[in-house]
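J.: I'd like to ask you about the structure that follows.
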Amino acid sequence: MSKPDKENKHTNWVLTIVLILGTITVFFPLYMALVIAFKSPSEMTNDVQGALGFPKHLGFENFAKAMEVTDFWNTLGNSLLITISTIVLGILVYSLVGYVLGRTTAKSKHFKLIYLYIISGMFVPFAILMMPLVKETAQMHLGNQLGVILLYLVFYMPMNVMLYAGYMKNIPEVMEEASMVDGASTWKTYWKVIFPMMKPMHATVAIMTALGTWNDVMTPLVIMSGTGINTLPIAQLNFQTAFGTNYNLAFASYILSLIPMLIFYIICQKQILNGVANGAVKG
Amino acid sequence: MKKKMSNRTKTYLCILIPALILFVMFNTYPMINGLIYSFTNYKGYGKFDWVGLRNYVDLFQDERVLKSYLFTFKYALCGTILVNVLSLLMALALNAKIRFKSALRGIYFVPNILGGLVIGYIFSFFFTYILPYIGIAWNIEWLQNSILASPAYAWIGVLIVGVWQAVAMTTIIYISGLQTVPEDVYEASRVDGASKWTEFWKVTFPLIIPFISINFVLTTKNFLMVFDQIMSLTNGGPAQSTESISFLIYRNGLDGGQFGFQSANAFVFFLVIVIISVVQQLITGKKEEQL
Amino acid sequence: MSEVILNHIQKTYPNGYQAVKDFNMEIKDQEFIIFVGPSGCGKSTTLRMIAGLEDISGGTLKIDNVVCNDREPKDRNIAMVFQNYALYPHMTVRKNMEYPLKIAKLPKEEIDARIEHAAKILGLQDLLERKPKALSGGQRQRVAMGRAIVRNPKVLLMDEPLSNLDAKLRGQMRIEIARLHKELKATTIYVTHDQTEAMTLGDRIVVMSNGEIQQIDTPQNLYERPRNLFVATFIGMPVMNILEAEYDGSAIVGQDFRIEASDPLKKILDQQGFKNGRTLKIGIRPENLRVGTKEDKNTLAGRVDVAEMLGSTTNIYITTKNGSKVVAALPGDVRAQTDQELFLVPDLNMLHIFDAETGLNILEM
């Protein structure tokens with residue numbers, strides 16, 4: 001084991017400073033958006049100062065108006081409903097399917113076939129399913145949040161099932177044997193023994209799903225178009241004309257739509273970075 | 001004597017069947033449906049006729065479709081290269097001996113979690129107003145017109161936004177990859193007297209090839225399917241110069257009465273993605289072998 | 001009554017491999033039975049068939065007079081201690097032990113009482129609220145046993161439970177297990193590859209090799225009257241000395257020795273037709289050799305290679321004139337120098353004679 005003798009003594013300050021300066025590329029667009037959101041139209045003169053200068057006073061009127069125009073709380077509610085439902089249902093369904101396939105694909109050709117069938121779904125881009133799904137969901141009266149949730153469940157199934165099935169390698173079969181001998185049925189063994197042991201993967205799947213569904217535009221756009229039900233991204237799209245040339249209002253709305261995810265990110269940053277790295281590398 | 005296995009197998013099947021039904025209903029069935037429609041001239045409503053392969057033939061002659069493929073390929077190629085080069089550099093930097101490592105990594109990942117649509121709107125304003133303002137203030141001619149208004153250069157605007165957002169994810173993957181290289185390998189290389197440049201190419205690079213291949217496949221796929229930013233930055237314009245394939249399928253397929261035709265487009269698109277992914281995997285597979 | 005009867009039990013895998021061939025045994029109520037043998041001999045497979053974790057390819061298994069071939073493990077009233085303990089990592093010790101009892105829907109008071117009792121017997125009282133990862137190997141072992149005994153099973157199965165512990169701990173746990181068995185009064189079937197565990201714990205031992213039963217007997221009998229070469233060399237440490245020999249009508253003659261056959265022995269040998277040059281193998285345990293002199297009859301002579309001084313005994317390894325290796329386990333005060341010439345005298349009452357072809361002990365036929 002090599003001792004970390006040089007670890008902390010050789011901080012590369014040049015690089016550190018370069019990186020800190022580089023964060024401007026991340027902060028600048030957000031700063032700009034924030035600043036504009038707080039200003040009033042009169043402050044928006046046609047020059048750099050008008051656009052980037054600090055607002056005269058931090059009024060929240062734009063935000064209040066934006067919430068009204070875009071029906072913010074309802075839209076937020078829809079986004080939350082869809083994302084959280086997808087995550088909860090997803091974890092339940094994907095872990096079950098991943099468990100079954102994780103245990104059977106090695107031993108049975110039939111199950112392996114089912115596994116490959118589901119995994120192949122990963123290569124199907126939404127564009128190809130988009131149009132027929134619009135018709136299908138309309139026919140089945142699923143042109144609403146439920147339809148979106150079901151579609152997400154199916155769309156994210158291949159990747160997550162692969163993750164869970166792969167994770168089963170970390171859970172020895174002896175767990176099920178001990179539970180069987182203790183008298184539990186397969187179903188009970190799953191919920192009492194296996195499911196709790198999959199916790200790290202649940203976190204990864206939750207995060208990947210949250211990131212994927214929260215900002216998604218295509219699916220809700222296509223499935224719920226015309227119904228007036230909006231998610232946060234869709235609201236931005238649909239109310240562009242309502243904003244007109246009032247950029248301050250528009251930007252206030254944009255900022256509002258970015259806040260929930262930013263809050264979530266700040267709180268769970270570490271888990272998110274770990275989860276994403278996990279999910280991407282194993283997938 | 002096989003009864004015991006059956007009990008467990010029964011439970012397994014009970015679990016799989018509902019999931020499979022969902023999958024067939026919302027994945028396989030629509031796909032087949034789409035395929036069937038692609039052989040018709042369905043407008044999205046009303047009656048339609050069977051037209052066989054005519055849609056597919058027309059695809060290769062439709063200017064707008066060809067233009068969208070050109071744009072999308074151009075976009076994906078440049079995007080993939082830019083993103084991967086930048087992310088690799090970023091990953092090396094963020095993995096080096098710097099201070100505030102986790103804070104910096106955290107900050108640089110933010111672009112990825114923000115919605116593509118809204119980011120598009122924000123950058124749209126930036127391109128349309130801010131840059132020209134700066135151009136006027138500092139007297140830089142070519143900045144004075146919004147890049148998004150130019151049919152020739154609008155794609156660069158879209159590219160900048162796409163890269164801005166994509167670098168984050170790729171960087172994280174590269175960081176993971178760099179972390180799999182054991183510390184002693186670097187120590188050995190230092191003892192052997194290698195310069196940083198040699199060290200990178202002879203030591204680091206070969207060991208992270210699997211991650212490079214993952215990233216190439218993922219970035220290419222994501223860039224090929226670009227949609228959100230197009231919606232908000234350019235809406236496909238100016239003069240349809242930034243219509244991505246997904247965008248066109250959506251626009252004309254659902255709003256433009258070209259259901260059947262765009263279904264064919266969608267299928268070709270699907271094949272293109274599969275072929276490109278497979279080819280990429282093969283190439284990097286060979287590279288891995290060579291090393 | 002918790003009898004376990006195995007009738008022509010066999011296990012063949014889909015690829016044709018026969019792990020267990022024709023296993024027959026009647027295990028009496030409350031017996032402590034050991035399955036012992038080298039890796040791959042089929043002992044664990046047989047245990048798992050009794051548990052219900054492997055399908056039985058052929059034959060009948062009866063527990064308590066009920067045919068159990070197709071019964072789920074939970075319906076066989078058995079409990080099992082796994083080699084790697086298989087503790088549920090996300091549950092505390094208490095919850096691990098409660099798990100089977102809750103499934104059986106026992107009332108809370110009963111569950112608590114049983115856990116108390118088991119914890120007391122196994123010394124787990126202070127560990128009840130800990131999770132497995134906070135426990136040492138020996139403690140996990142005991143929790144695994146606790147989880148098994150709280151169920152008051154009819155049959156207790158143990159699959160190499162001590163093999164992951166260090167030698168000292170293994171010694172201590174052996175005594176615990178023996179004590180537990182007396183308390184529990186459950187029929188116990190215990191699998192191990194360690195013959196010391198087998199000999200010290202078992203009422204009867206099943207020695208297995210290559211999927212076949214070699215001998216079922218008490219430890220004493222296995223030691224004194226092994227049925228064949230395999231059992232003879234498997235049981236006993238250091239391993240029994242085996243030397244090739246022939247019978248010339250009056251004596252057993254090997255390369256380095258000549259032992260006069262007694263009359264009863266001559267009778268047996270003649271009866272089984274060993275006179276005409278059929279090779280024999282004689283076996284003599286190291287502890288049945290003593291140091292003699294050149295003048296003694298029936299000696300085995302050789303030069304000392306190594307002398308292992310273990311304190312109470314000294315193991316002396318010699319090589320005979322013709323290159324055979326012989327081990328003698330002698331009293332601890334015996335000293336020997338390398339290359340010293342030694343004359344070993346076997347105790348003729350403890351001589352074993354095997355048919356070189358079949359490996360069978362001709363004195364036990």
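By order of appearance in the structure tokens: chains A, B, ..., then residues from 1 within every chain, and ligands from 1 in the order shown.
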With only C-alpha atoms as the counted atoms, please give the residues lying no more than 10 Å from Glu141 of chain B, apart from itself and same-chain residues fewer than 5 positions off, as a short mmCIF file (atom, residue, chain, number, x, y, z; two decimals) with N, CA and C atoms, in the first residue's frame.
T.:
data_model
loop_
_atom_site.label_atom_id
_atom_site.label_comp_id
_atom_site.auth_asym_id
_atom_site.auth_seq_id
_atom_site.Cartn_x
_atom_site.Cartn_y
_atom_site.Cartn_z
N PRO B 132 -24.70 40.19 -29.86
CA PRO B 132 -24.71 41.39 -30.72
C PRO B 132 -24.42 42.66 -29.93
N GLY B 135 -20.92 42.82 -29.58
CA GLY B 135 -20.35 43.13 -30.88
C GLY B 135 -20.40 44.62 -31.17
N ILE B 136 -21.54 45.21 -30.85
CA ILE B 136 -21.69 46.64 -31.10
C ILE B 136 -20.79 47.43 -30.14
#
J.: Show which residues sit within 6 Å of segment 117-130 of chain A, as a ChimeraX atom specification. Count only C-alpha atoms, and ignore same-chain residues fewer than 6 positions away.
T.: /A:158 /B:30-31,246,266
J.: Considering only C-alpha atoms, extract the chain C residues located within 8 Å of chain A and return them as a PyMOL selection string.
T.: chain C and resi 51+53+73-75+78-80+82+86-90+99-100+103-104
J.: Name the closest residue to chain A among the candidates B:Ala93, B:Ile276, B:Leu66, B:Val83; distances are taken between atoms, counting only C-alpha atoms.
T.: B:Ala93
J.: Can you check which residues of chain C have any atom within 9 Å of chain B? Use only C-alpha atoms and format it as a PyMOL selection string.
T.: chain C and resi 52+55-58+69-72
J.: Need the shell around Leu222 of chain C: protein/DNA/RNA residues with any atom at most 10 Å away, counting only C-alpha atoms. Skip same-chain ones fewer than 5 positions apart. Format as number ranges by chain?
T.: C: 199, 204-207, 215-217, 227-228, 231-232, 234-236
J.: Only N, CA and C atoms, please: the residues just picked out, written as a PDB file, in the first residue's frame.
T.:
ATOM      1  N   MET C 199     -14.955 -37.312  13.616  1.00  0.00           N
ATOM      2  CA  MET C 199     -14.725 -38.330  14.639  1.00  0.00           C
ATOM      3  C   MET C 199     -15.185 -37.853  16.008  1.00  0.00           C
ATOM      4  N   ARG C 204     -22.700 -41.586  14.325  1.00  0.00           N
ATOM      5  CA  ARG C 204     -22.291 -42.434  13.227  1.00  0.00           C
ATOM      6  C   ARG C 204     -21.763 -41.544  12.114  1.00  0.00           C
ATOM      7  N   ILE C 205     -20.863 -42.075  11.354  1.00  0.00           N
ATOM      8  CA  ILE C 205     -20.251 -41.282  10.292  1.00  0.00           C
ATOM      9  C   ILE C 205     -20.459 -41.973   8.952  1.00  0.00           C
ATOM     10  N   VAL C 206     -20.801 -41.168   7.944  1.00  0.00           N
ATOM     11  CA  VAL C 206     -20.898 -41.701   6.587  1.00  0.00           C
ATOM     12  C   VAL C 206     -19.690 -41.200   5.818  1.00  0.00           C
ATOM     13  N   VAL C 207     -18.815 -42.115   5.447  1.00  0.00           N
ATOM     14  CA  VAL C 207     -17.647 -41.710   4.667  1.00  0.00           C
ATOM     15  C   VAL C 207     -17.998 -41.838   3.194  1.00  0.00           C
ATOM     16  N   GLN C 215     -18.451 -46.235   3.764  1.00  0.00           N
ATOM     17  CA  GLN C 215     -18.756 -46.982   4.978  1.00  0.00           C
ATOM     18  C   GLN C 215     -19.592 -46.128   5.909  1.00  0.00           C
ATOM     19  N   ILE C 216     -20.554 -46.748   6.541  1.00  0.00           N
ATOM     20  CA  ILE C 216     -21.323 -46.057   7.580  1.00  0.00           C
ATOM     21  C   ILE C 216     -21.064 -46.784   8.893  1.00  0.00           C
ATOM     22  N   ASP C 217     -20.511 -46.071   9.866  1.00  0.00           N
ATOM     23  CA  ASP C 217     -20.187 -46.771  11.113  1.00  0.00           C
ATOM     24  C   ASP C 217     -19.907 -45.762  12.224  1.00  0.00           C
ATOM     25  N   ARG C 227     -13.515 -50.468   6.188  1.00  0.00           N
ATOM     26  CA  ARG C 227     -13.964 -51.452   5.210  1.00  0.00           C
ATOM     27  C   ARG C 227     -13.066 -51.497   3.984  1.00  0.00           C
ATOM     28  N   ASN C 228     -12.484 -50.362   3.642  1.00  0.00           N
ATOM     29  CA  ASN C 228     -11.621 -50.404   2.460  1.00  0.00           C
ATOM     30  C   ASN C 228     -10.467 -49.424   2.602  1.00  0.00           C
ATOM     31  N   VAL C 231     -11.377 -45.589   3.268  1.00  0.00           N
ATOM     32  CA  VAL C 231     -11.740 -45.234   4.641  1.00  0.00           C
ATOM     33  C   VAL C 231     -10.515 -45.328   5.547  1.00  0.00           C
ATOM     34  N   ALA C 232      -9.720 -46.368   5.325  1.00  0.00           N
ATOM     35  CA  ALA C 232      -8.545 -46.563   6.175  1.00  0.00           C
ATOM     36  C   ALA C 232      -7.603 -45.383   6.097  1.00  0.00           C
ATOM     37  N   PHE C 234      -8.435 -42.351   4.966  1.00  0.00           N
ATOM     38  CA  PHE C 234      -9.091 -41.072   5.198  1.00  0.00           C
ATOM     39  C   PHE C 234      -9.183 -40.768   6.684  1.00  0.00           C
ATOM     40  N   ILE C 235      -9.475 -41.799   7.451  1.00  0.00           N
ATOM     41  CA  ILE C 235      -9.629 -41.612   8.896  1.00  0.00           C
ATOM     42  C   ILE C 235      -8.287 -41.843   9.575  1.00  0.00           C
ATOM     43  N   GLY C 236      -7.948 -40.966  10.503  1.00  0.00           N
ATOM     44  CA  GLY C 236      -6.717 -41.143  11.280  1.00  0.00           C
ATOM     45  C   GLY C 236      -5.612 -40.228  10.798  1.00  0.00           C
TER      46      GLY C 236
END
